[in-house]
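Text of my_file.pdb, listed as PDB, N, CA and C atoms:
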ATOM      1  N   PHE A   1     101.934 107.239 -66.281
ATOM      2  CA  PHE A   1     101.442 106.095 -67.019
ATOM      3  C   PHE A   1     101.959 104.801 -66.402
ATOM      4  N   CYS A   2     101.201 103.784 -66.577
ATOM      5  CA  CYS A   2     101.571 102.436 -66.159
ATOM      6  C   CYS A   2     101.504 101.589 -67.423
ATOM      7  N   SER A   3     102.554 100.815 -67.683
ATOM      8  CA  SER A   3     102.510 100.000 -68.895
ATOM      9  C   SER A   3     102.699  98.533 -68.560
ATOM     10  N   THR A   4     102.035  97.704 -69.344
ATOM     11  CA  THR A   4     102.169  96.255 -69.255
ATOM     12  C   THR A   4     102.831  95.806 -70.550
ATOM     13  N   ILE A   5     102.907  94.530 -70.766
ATOM     14  CA  ILE A   5     103.514  94.038 -72.008
ATOM     15  C   ILE A   5     102.786  94.588 -73.227
ATOM     16  N   SER A   6     101.462  94.703 -73.130
ATOM     17  CA  SER A   6     100.709  95.096 -74.317
ATOM     18  C   SER A   6      99.908  96.393 -74.179
ATOM     19  N   GLU A   7      99.763  96.923 -72.987
ATOM     20  CA  GLU A   7      98.905  98.091 -72.786
ATOM     21  C   GLU A   7      99.586  99.172 -71.955
ATOM     22  N   LYS A   8      99.071 100.409 -72.072
ATOM     23  CA  LYS A   8      99.486 101.527 -71.225
ATOM     24  C   LYS A   8      98.241 102.107 -70.576
ATOM     25  N   TYR A   9      98.378 102.447 -69.290
ATOM     26  CA  TYR A   9      97.256 102.975 -68.526
ATOM     27  C   TYR A   9      97.658 104.270 -67.841
ATOM     28  N   SER A  10      96.709 105.169 -67.701
ATOM     29  CA  SER A  10      96.920 106.392 -66.941
ATOM     30  C   SER A  10      96.488 106.122 -65.510
ATOM     31  N   ILE A  11      97.310 106.532 -64.548
ATOM     32  CA  ILE A  11      96.988 106.309 -63.144
ATOM     33  C   ILE A  11      97.030 107.635 -62.387
ATOM     34  N   LYS A  12      96.264 107.716 -61.312
ATOM     35  CA  LYS A  12      96.173 108.950 -60.534
ATOM     36  C   LYS A  12      97.244 109.052 -59.461
ATOM     37  N   GLU A  13      97.671 107.911 -58.929
ATOM     38  CA  GLU A  13      98.622 107.920 -57.828
ATOM     39  C   GLU A  13      99.986 108.437 -58.260
ATOM     40  N   LYS A  14     100.660 109.017 -57.295
ATOM     41  CA  LYS A  14     102.027 109.451 -57.525
ATOM     42  C   LYS A  14     102.934 108.226 -57.378
ATOM     43  N   LEU A  15     104.123 108.301 -57.964
ATOM     44  CA  LEU A  15     105.020 107.156 -57.982
ATOM     45  C   LEU A  15     105.402 106.707 -56.573
ATOM     46  N   TYR A  16     105.656 107.644 -55.672
ATOM     47  CA  TYR A  16     106.017 107.252 -54.311
ATOM     48  C   TYR A  16     104.866 106.534 -53.616
ATOM     49  N   GLN A  17     103.610 106.874 -53.958
ATOM     50  CA  GLN A  17     102.453 106.182 -53.388
ATOM     51  C   GLN A  17     102.381 104.743 -53.914
ATOM     52  N   LEU A  18     102.604 104.582 -55.203
ATOM     53  CA  LEU A  18     102.630 103.235 -55.784
ATOM     54  C   LEU A  18     103.758 102.410 -55.182
ATOM     55  N   GLU A  19     104.899 103.041 -55.003
ATOM     56  CA  GLU A  19     106.043 102.335 -54.418
ATOM     57  C   GLU A  19     105.705 101.827 -53.019
ATOM     58  N   GLU A  20     105.040 102.645 -52.218
ATOM     59  CA  GLU A  20     104.638 102.222 -50.876
ATOM     60  C   GLU A  20     103.642 101.063 -50.929
ATOM     61  N   MET A  21     102.692 101.121 -51.860
ATOM     62  CA  MET A  21     101.680 100.072 -51.975
ATOM     63  C   MET A  21     102.283  98.756 -52.479
ATOM     64  N   LEU A  22     103.308  98.843 -53.300
ATOM     65  CA  LEU A  22     103.868  97.655 -53.943
ATOM     66  C   LEU A  22     105.169  97.163 -53.318
ATOM     67  N   THR A  23     105.589  97.756 -52.197
ATOM     68  CA  THR A  23     106.854  97.397 -51.562
ATOM     69  C   THR A  23     106.942  95.913 -51.253
ATOM     70  N   PHE A  24     105.873  95.318 -50.745
ATOM     71  CA  PHE A  24     105.916  93.919 -50.354
ATOM     72  C   PHE A  24     105.503  92.984 -51.489
ATOM     73  N   LYS A  25     105.191  93.543 -52.618
ATOM     74  CA  LYS A  25     104.955  92.751 -53.822
ATOM     75  C   LYS A  25     106.308  92.619 -54.511
ATOM     76  N   ASP A  26     106.341  92.172 -55.723
ATOM     77  CA  ASP A  26     107.613  91.997 -56.414
ATOM     78  C   ASP A  26     107.926  93.144 -57.360
ATOM     79  N   PHE A  27     107.748  94.364 -56.862
ATOM     80  CA  PHE A  27     108.069  95.561 -57.626
ATOM     81  C   PHE A  27     109.215  96.286 -56.940
ATOM     82  N   ILE A  28     110.033  96.943 -57.733
ATOM     83  CA  ILE A  28     111.157  97.691 -57.189
ATOM     84  C   ILE A  28     111.387  98.951 -58.012
ATOM     85  N   ARG A  29     111.803  99.992 -57.330
ATOM     86  CA  ARG A  29     112.116 101.247 -58.005
ATOM     87  C   ARG A  29     113.505 101.140 -58.607
ATOM     88  N   ILE A  30     113.647 101.550 -59.869
ATOM     89  CA  ILE A  30     114.952 101.459 -60.524
ATOM     90  C   ILE A  30     115.559 102.822 -60.847
ATOM     91  N   ASN A  31     114.743 103.842 -60.869
ATOM     92  CA  ASN A  31     115.220 105.214 -61.061
ATOM     93  C   ASN A  31     114.126 106.167 -60.579
ATOM     94  N   LYS A  32     114.308 107.449 -60.749
ATOM     95  CA  LYS A  32     113.352 108.391 -60.160
ATOM     96  C   LYS A  32     111.970 108.367 -60.812
ATOM     97  N   SER A  33     111.844 107.687 -61.932
ATOM     98  CA  SER A  33     110.549 107.703 -62.608
ATOM     99  C   SER A  33     109.975 106.330 -62.941
ATOM    100  N   MET A  34     110.583 105.243 -62.412
ATOM    101  CA  MET A  34     110.095 103.909 -62.788
ATOM    102  C   MET A  34     110.127 102.899 -61.654
ATOM    103  N   LEU A  35     109.065 102.082 -61.634
ATOM    104  CA  LEU A  35     108.996 100.869 -60.827
ATOM    105  C   LEU A  35     108.880  99.726 -61.812
ATOM    106  N   VAL A  36     109.500  98.585 -61.507
ATOM    107  CA  VAL A  36     109.369  97.434 -62.387
ATOM    108  C   VAL A  36     109.009  96.188 -61.586
ATOM    109  N   ASN A  37     108.323  95.268 -62.239
ATOM    110  CA  ASN A  37     108.015  93.968 -61.672
ATOM    111  C   ASN A  37     109.245  93.089 -61.899
ATOM    112  N   ILE A  38     109.834  92.571 -60.817
ATOM    113  CA  ILE A  38     111.076  91.817 -60.977
ATOM    114  C   ILE A  38     110.884  90.521 -61.768
ATOM    115  N   HIS A  39     109.658  90.035 -61.840
ATOM    116  CA  HIS A  39     109.400  88.815 -62.609
ATOM    117  C   HIS A  39     109.346  89.070 -64.115
ATOM    118  N   MET A  40     109.326  90.334 -64.502
ATOM    119  CA  MET A  40     109.290  90.679 -65.920
ATOM    120  C   MET A  40     110.675  91.008 -66.467
ATOM    121  N   ILE A  41     111.711  90.884 -65.628
ATOM    122  CA  ILE A  41     113.084  91.130 -66.066
ATOM    123  C   ILE A  41     113.620  89.861 -66.719
ATOM    124  N   SER A  42     114.141  90.008 -67.935
ATOM    125  CA  SER A  42     114.702  88.842 -68.614
ATOM    126  C   SER A  42     116.218  88.786 -68.516
ATOM    127  N   GLU A  43     116.871  89.948 -68.334
ATOM    128  CA  GLU A  43     118.332  89.976 -68.276
ATOM    129  C   GLU A  43     118.791  91.191 -67.483
ATOM    130  N   ILE A  44     119.864  91.013 -66.709
ATOM    131  CA  ILE A  44     120.479  92.106 -65.956
ATOM    132  C   ILE A  44     121.911  92.240 -66.448
ATOM    133  N   ILE A  45     122.245  93.427 -66.947
ATOM    134  CA  ILE A  45     123.570  93.661 -67.520
ATOM    135  C   ILE A  45     124.321  94.658 -66.646
ATOM    136  N   PRO A  46     125.438  94.236 -66.002
ATOM    137  CA  PRO A  46     126.238  95.188 -65.227
ATOM    138  C   PRO A  46     126.767  96.288 -66.157
ATOM    139  N   TRP A  47     126.797  97.511 -65.642
ATOM    140  CA  TRP A  47     127.212  98.631 -66.459
ATOM    141  C   TRP A  47     128.214  99.473 -65.687
ATOM    142  N   ILE A  48     128.871 100.365 -66.357
ATOM    143  CA  ILE A  48     129.908 101.218 -65.779
ATOM    144  C   ILE A  48     129.310 102.143 -64.709
ATOM    145  N   GLY A  49     130.050 102.334 -63.623
ATOM    146  CA  GLY A  49     129.664 103.324 -62.622
ATOM    147  C   GLY A  49     128.530 102.900 -61.718
ATOM    148  N   SER A  50     128.546 101.677 -61.240
ATOM    149  CA  SER A  50     127.508 101.188 -60.320
ATOM    150  C   SER A  50     126.109 101.350 -60.901
ATOM    151  N   LYS A  51     125.943 100.860 -62.085
ATOM    152  CA  LYS A  51     124.643 100.875 -62.750
ATOM    153  C   LYS A  51     124.369  99.495 -63.335
ATOM    154  N   PHE A  52     123.109  99.254 -63.600
ATOM    155  CA  PHE A  52     122.692  98.074 -64.341
ATOM    156  C   PHE A  52     121.827  98.519 -65.496
ATOM    157  N   ILE A  53     121.854  97.768 -66.558
ATOM    158  CA  ILE A  53     120.871  97.882 -67.625
ATOM    159  C   ILE A  53     120.025  96.619 -67.483
ATOM    160  N   ILE A  54     118.719  96.779 -67.425
ATOM    161  CA  ILE A  54     117.868  95.599 -67.357
ATOM    162  C   ILE A  54     117.059  95.494 -68.640
ATOM    163  N   LYS A  55     116.957  94.286 -69.122
ATOM    164  CA  LYS A  55     116.160  94.020 -70.313
ATOM    165  C   LYS A  55     114.882  93.335 -69.833
ATOM    166  N   MET A  56     113.758  93.907 -70.218
ATOM    167  CA  MET A  56     112.471  93.380 -69.813
ATOM    168  C   MET A  56     112.002  92.331 -70.815
ATOM    169  N   LYS A  57     111.055  91.521 -70.401
ATOM    170  CA  LYS A  57     110.538  90.460 -71.276
ATOM    171  C   LYS A  57     109.893  91.006 -72.539
ATOM    172  N   ASN A  58     109.460  92.267 -72.518
ATOM    173  CA  ASN A  58     108.877  92.862 -73.722
ATOM    174  C   ASN A  58     109.942  93.476 -74.631
ATOM    175  N   GLY A  59     111.239  93.303 -74.262
ATOM    176  CA  GLY A  59     112.334  93.798 -75.094
ATOM    177  C   GLY A  59     112.839  95.174 -74.714
ATOM    178  N   GLU A  60     112.136  95.876 -73.868
ATOM    179  CA  GLU A  60     112.527  97.222 -73.460
ATOM    180  C   GLU A  60     113.769  97.157 -72.571
ATOM    181  N   LYS A  61     114.692  98.108 -72.755
ATOM    182  CA  LYS A  61     115.891  98.203 -71.927
ATOM    183  C   LYS A  61     115.762  99.429 -71.025
ATOM    184  N   LEU A  62     116.043  99.228 -69.731
ATOM    185  CA  LEU A  62     115.889 100.289 -68.746
ATOM    186  C   LEU A  62     117.144 100.414 -67.905
ATOM    187  N   ASP A  63     117.438 101.631 -67.440
ATOM    188  CA  ASP A  63     118.588 101.872 -66.576
ATOM    189  C   ASP A  63     118.198 101.783 -65.111
ATOM    190  N   VAL A  64     119.027 101.092 -64.338
ATOM    191  CA  VAL A  64     118.954 101.152 -62.879
ATOM    192  C   VAL A  64     120.066 102.110 -62.497
ATOM    193  N   ASN A  65     119.717 103.299 -62.004
ATOM    194  CA  ASN A  65     120.786 104.260 -61.739
ATOM    195  C   ASN A  65     121.436 104.045 -60.385
ATOM    196  N   ARG A  66     122.502 104.791 -60.127
ATOM    197  CA  ARG A  66     123.312 104.598 -58.924
ATOM    198  C   ARG A  66     122.535 104.774 -57.629
ATOM    199  N   SER A  67     121.564 105.656 -57.612
ATOM    200  CA  SER A  67     120.787 105.898 -56.395
ATOM    201  C   SER A  67     120.003 104.667 -55.953
ATOM    202  N   TYR A  68     119.624 103.822 -56.886
ATOM    203  CA  TYR A  68     118.795 102.652 -56.600
ATOM    204  C   TYR A  68     119.570 101.339 -56.772
ATOM    205  N   TYR A  69     120.841 101.438 -57.086
ATOM    206  CA  TYR A  69     121.696 100.278 -57.370
ATOM    207  C   TYR A  69     121.739  99.277 -56.214
ATOM    208  N   ASN A  70     122.072  99.743 -55.015
ATOM    209  CA  ASN A  70     122.209  98.833 -53.870
ATOM    210  C   ASN A  70     120.887  98.195 -53.477
ATOM    211  N   GLU A  71     119.814  98.969 -53.475
ATOM    212  CA  GLU A  71     118.496  98.418 -53.154
ATOM    213  C   GLU A  71     118.080  97.372 -54.188
ATOM    214  N   PHE A  72     118.373  97.652 -55.449
ATOM    215  CA  PHE A  72     118.060  96.713 -56.524
ATOM    216  C   PHE A  72     118.821  95.398 -56.331
ATOM    217  N   LYS A  73     120.132  95.495 -56.070
ATOM    218  CA  LYS A  73     120.950  94.295 -55.848
ATOM    219  C   LYS A  73     120.400  93.467 -54.682
ATOM    220  N   LYS A  74     120.030  94.145 -53.632
ATOM    221  CA  LYS A  74     119.514  93.450 -52.438
ATOM    222  C   LYS A  74     118.208  92.736 -52.746
ATOM    223  N   LYS A  75     117.297  93.406 -53.437
ATOM    224  CA  LYS A  75     115.986  92.806 -53.745
ATOM    225  C   LYS A  75     116.119  91.640 -54.722
ATOM    226  N   ILE A  76     117.022  91.756 -55.678
ATOM    227  CA  ILE A  76     117.228  90.705 -56.675
ATOM    228  C   ILE A  76     118.054  89.547 -56.103
ATOM    229  N   GLY A  77     118.854  89.847 -55.089
ATOM    230  CA  GLY A  77     119.690  88.818 -54.483
ATOM    231  C   GLY A  77     121.071  88.696 -55.096
ATOM    232  N   LEU A  78     121.605  89.811 -55.580
ATOM    233  CA  LEU A  78     122.962  89.809 -56.182
ATOM    234  C   LEU A  78     123.998  90.219 -55.152
TER     235      LEU A  78
END
When written as structure tokens, how does the structure in this file appear?
Amino acid sequence: FCSTISEKYSIKEKLYQLEEMLTFKDFIRINKSMLVNIHMISEIIPWIGSKFIIKMKNGEKLDVNRSYYNEFKKKIGL
């Protein structure tokens, strides 16, 4: 599924395919099952064990796990 602030959509592509298509856009992988638009992040909260919790503009809280931590920091500019 792909979700926006107000809608959810079913998509055919696999996540790694979407990641390849959106690499040069403002999307980043945050864990094994999610890509996020960096412009939709409202807050980044440092967490224990090389993790971040990100709060999205729609209020949803998501984990950036350790596997994607360094790439996330680099893309965000931290």
Nearest candidate to Phe27 (chain A) (options A:Gly49, A:Phe72, A:Leu78, A:Lys61; using only C-alpha atoms)
A:Phe72
Using the chain letters and numbers from this file, what does the PyMOL selection byres ((chain A and resi 63) around 6) select? Give the answer as a JSON list (two decimals) with N, CA and C atoms, in the frame of the given file.
[["chain", "number", "residue", "atom", "x", "y", "z"],
["A", 30, "ILE", "N", 113.65, 101.55, -59.87],
["A", 30, "ILE", "CA", 114.95, 101.46, -60.52],
["A", 30, "ILE", "C", 115.56, 102.82, -60.85],
["A", 31, "ASN", "N", 114.74, 103.84, -60.87],
["A", 31, "ASN", "CA", 115.22, 105.21, -61.06],
["A", 31, "ASN", "C", 114.13, 106.17, -60.58],
["A", 52, "PHE", "N", 123.11, 99.25, -63.60],
["A", 52, "PHE", "CA", 122.69, 98.07, -64.34],
["A", 52, "PHE", "C", 121.83, 98.52, -65.50],
["A", 53, "ILE", "N", 121.85, 97.77, -66.56],
["A", 53, "ILE", "CA", 120.87, 97.88, -67.62],
["A", 53, "ILE", "C", 120.02, 96.62, -67.48],
["A", 54, "ILE", "N", 118.72, 96.78, -67.42],
["A", 54, "ILE", "CA", 117.87, 95.60, -67.36],
["A", 54, "ILE", "C", 117.06, 95.49, -68.64],
["A", 61, "LYS", "N", 114.69, 98.11, -72.76],
["A", 61, "LYS", "CA", 115.89, 98.20, -71.93],
["A", 61, "LYS", "C", 115.76, 99.43, -71.03],
["A", 62, "LEU", "N", 116.04, 99.23, -69.73],
["A", 62, "LEU", "CA", 115.89, 100.29, -68.75],
["A", 62, "LEU", "C", 117.14, 100.41, -67.90],
["A", 64, "VAL", "N", 119.03, 101.09, -64.34],
["A", 64, "VAL", "CA", 118.95, 101.15, -62.88],
["A", 64, "VAL", "C", 120.07, 102.11, -62.50],
["A", 65, "ASN", "N", 119.72, 103.30, -62.00],
["A", 65, "ASN", "CA", 120.79, 104.26, -61.74],
["A", 65, "ASN", "C", 121.44, 104.04, -60.38]]
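The closest residue to Lys57 (chain A), picked from A:Ile45, A:His39, A:Glu71, A:Glu19 and counting only C-alpha atoms, is A:His39.
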Just list the residues in chain A DSSP gives helix (DSSP H, G or I) on the backbone, as JSON, numbers by chain.
{"A": [15, 16, 17, 18, 19, 20, 21, 22, 38, 39, 40, 66, 67, 68, 69, 70, 71, 72, 73, 74, 75, 76]}
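Distance annotation: of A:Ser10, A:Lys75, A:Tyr69, A:Ser50, the residue with the minimal separation from Phe24 (chain A) is A:Lys75; atom set is only C-alpha atoms.
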The residue from A:Ser33, A:Leu22, A:Arg66, A:Lys8 with the smallest atom-to-atom distance to Trp47 (chain A), counting only C-alpha atoms, is A:Arg66
Here atom N of Tyr68 (chain A) and atom C of Lys32 (chain A) stand apart by 9.7 Å
Figure out the distance between CA of Ser67 (chain A) and atom C of Glu13 (chain A), please, to one decimal in Å.
21.0 Å
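The space separating CA of Lys55 (chain A) from CA of Ser42 (chain A) comes to 5.6 Å.
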Would you give me, as a PyMOL selection string, the residues in chain A that DSSP reads as strand (DSSP E)?
chain A and resi 2-3+8-9+27-31+34-37+41-47+51-56+61-64
Build an axis-aligned box that encloses every atom of region 20-39 of chain A listed in the file, pad it by 6 Å on each side, and report its centre and edge lengths in Å to one decimal, as AutoDock Vina command-line options.
--center_x 108.6 --center_y 98.6 --center_z -57.2 --size_x 25.9 --size_y 31.6 --size_z 25.8
Run the PyMOL selection byres (((chain A and resi 18 and name CA) around 12) and name CA) mentally over the shown coordinates, then write out the matched residues as a PDB file with N, CA and C atoms, keeping the file's coordinate frame, using the chain letters and numbers from the document.
ATOM      1  N   PHE A   1     101.934 107.239 -66.281  1.00  0.00           N
ATOM      2  CA  PHE A   1     101.442 106.095 -67.019  1.00  0.00           C
ATOM      3  C   PHE A   1     101.959 104.801 -66.402  1.00  0.00           C
ATOM      4  N   CYS A   2     101.201 103.784 -66.577  1.00  0.00           N
ATOM      5  CA  CYS A   2     101.571 102.436 -66.159  1.00  0.00           C
ATOM      6  C   CYS A   2     101.504 101.589 -67.423  1.00  0.00           C
ATOM      7  N   ILE A  11      97.310 106.532 -64.548  1.00  0.00           N
ATOM      8  CA  ILE A  11      96.988 106.309 -63.144  1.00  0.00           C
ATOM      9  C   ILE A  11      97.030 107.635 -62.387  1.00  0.00           C
ATOM     10  N   LYS A  12      96.264 107.716 -61.312  1.00  0.00           N
ATOM     11  CA  LYS A  12      96.173 108.950 -60.534  1.00  0.00           C
ATOM     12  C   LYS A  12      97.244 109.052 -59.461  1.00  0.00           C
ATOM     13  N   GLU A  13      97.671 107.911 -58.929  1.00  0.00           N
ATOM     14  CA  GLU A  13      98.622 107.920 -57.828  1.00  0.00           C
ATOM     15  C   GLU A  13      99.986 108.437 -58.260  1.00  0.00           C
ATOM     16  N   LYS A  14     100.660 109.017 -57.295  1.00  0.00           N
ATOM     17  CA  LYS A  14     102.027 109.451 -57.525  1.00  0.00           C
ATOM     18  C   LYS A  14     102.934 108.226 -57.378  1.00  0.00           C
ATOM     19  N   LEU A  15     104.123 108.301 -57.964  1.00  0.00           N
ATOM     20  CA  LEU A  15     105.020 107.156 -57.982  1.00  0.00           C
ATOM     21  C   LEU A  15     105.402 106.707 -56.573  1.00  0.00           C
ATOM     22  N   TYR A  16     105.656 107.644 -55.672  1.00  0.00           N
ATOM     23  CA  TYR A  16     106.017 107.252 -54.311  1.00  0.00           C
ATOM     24  C   TYR A  16     104.866 106.534 -53.616  1.00  0.00           C
ATOM     25  N   GLN A  17     103.610 106.874 -53.958  1.00  0.00           N
ATOM     26  CA  GLN A  17     102.453 106.182 -53.388  1.00  0.00           C
ATOM     27  C   GLN A  17     102.381 104.743 -53.914  1.00  0.00           C
ATOM     28  N   GLU A  19     104.899 103.041 -55.003  1.00  0.00           N
ATOM     29  CA  GLU A  19     106.043 102.335 -54.418  1.00  0.00           C
ATOM     30  C   GLU A  19     105.705 101.827 -53.019  1.00  0.00           C
ATOM     31  N   GLU A  20     105.040 102.645 -52.218  1.00  0.00           N
ATOM     32  CA  GLU A  20     104.638 102.222 -50.876  1.00  0.00           C
ATOM     33  C   GLU A  20     103.642 101.063 -50.929  1.00  0.00           C
ATOM     34  N   MET A  21     102.692 101.121 -51.860  1.00  0.00           N
ATOM     35  CA  MET A  21     101.680 100.072 -51.975  1.00  0.00           C
ATOM     36  C   MET A  21     102.283  98.756 -52.479  1.00  0.00           C
ATOM     37  N   LEU A  22     103.308  98.843 -53.300  1.00  0.00           N
ATOM     38  CA  LEU A  22     103.868  97.655 -53.943  1.00  0.00           C
ATOM     39  C   LEU A  22     105.169  97.163 -53.318  1.00  0.00           C
ATOM     40  N   THR A  23     105.589  97.756 -52.197  1.00  0.00           N
ATOM     41  CA  THR A  23     106.854  97.397 -51.562  1.00  0.00           C
ATOM     42  C   THR A  23     106.942  95.913 -51.253  1.00  0.00           C
ATOM     43  N   PHE A  24     105.873  95.318 -50.745  1.00  0.00           N
ATOM     44  CA  PHE A  24     105.916  93.919 -50.354  1.00  0.00           C
ATOM     45  C   PHE A  24     105.503  92.984 -51.489  1.00  0.00           C
ATOM     46  N   LYS A  25     105.191  93.543 -52.618  1.00  0.00           N
ATOM     47  CA  LYS A  25     104.955  92.751 -53.822  1.00  0.00           C
ATOM     48  C   LYS A  25     106.308  92.619 -54.511  1.00  0.00           C
ATOM     49  N   PHE A  27     107.748  94.364 -56.862  1.00  0.00           N
ATOM     50  CA  PHE A  27     108.069  95.561 -57.626  1.00  0.00           C
ATOM     51  C   PHE A  27     109.215  96.286 -56.940  1.00  0.00           C
ATOM     52  N   ILE A  28     110.033  96.943 -57.733  1.00  0.00           N
ATOM     53  CA  ILE A  28     111.157  97.691 -57.189  1.00  0.00           C
ATOM     54  C   ILE A  28     111.387  98.951 -58.012  1.00  0.00           C
ATOM     55  N   ARG A  29     111.803  99.992 -57.330  1.00  0.00           N
ATOM     56  CA  ARG A  29     112.116 101.247 -58.005  1.00  0.00           C
ATOM     57  C   ARG A  29     113.505 101.140 -58.607  1.00  0.00           C
ATOM     58  N   SER A  33     111.844 107.687 -61.932  1.00  0.00           N
ATOM     59  CA  SER A  33     110.549 107.703 -62.608  1.00  0.00           C
ATOM     60  C   SER A  33     109.975 106.330 -62.941  1.00  0.00           C
ATOM     61  N   MET A  34     110.583 105.243 -62.412  1.00  0.00           N
ATOM     62  CA  MET A  34     110.095 103.909 -62.788  1.00  0.00           C
ATOM     63  C   MET A  34     110.127 102.899 -61.654  1.00  0.00           C
ATOM     64  N   LEU A  35     109.065 102.082 -61.634  1.00  0.00           N
ATOM     65  CA  LEU A  35     108.996 100.869 -60.827  1.00  0.00           C
ATOM     66  C   LEU A  35     108.880  99.726 -61.812  1.00  0.00           C
ATOM     67  N   VAL A  36     109.500  98.585 -61.507  1.00  0.00           N
ATOM     68  CA  VAL A  36     109.369  97.434 -62.387  1.00  0.00           C
ATOM     69  C   VAL A  36     109.009  96.188 -61.586  1.00  0.00           C
TER      70      VAL A  36
END
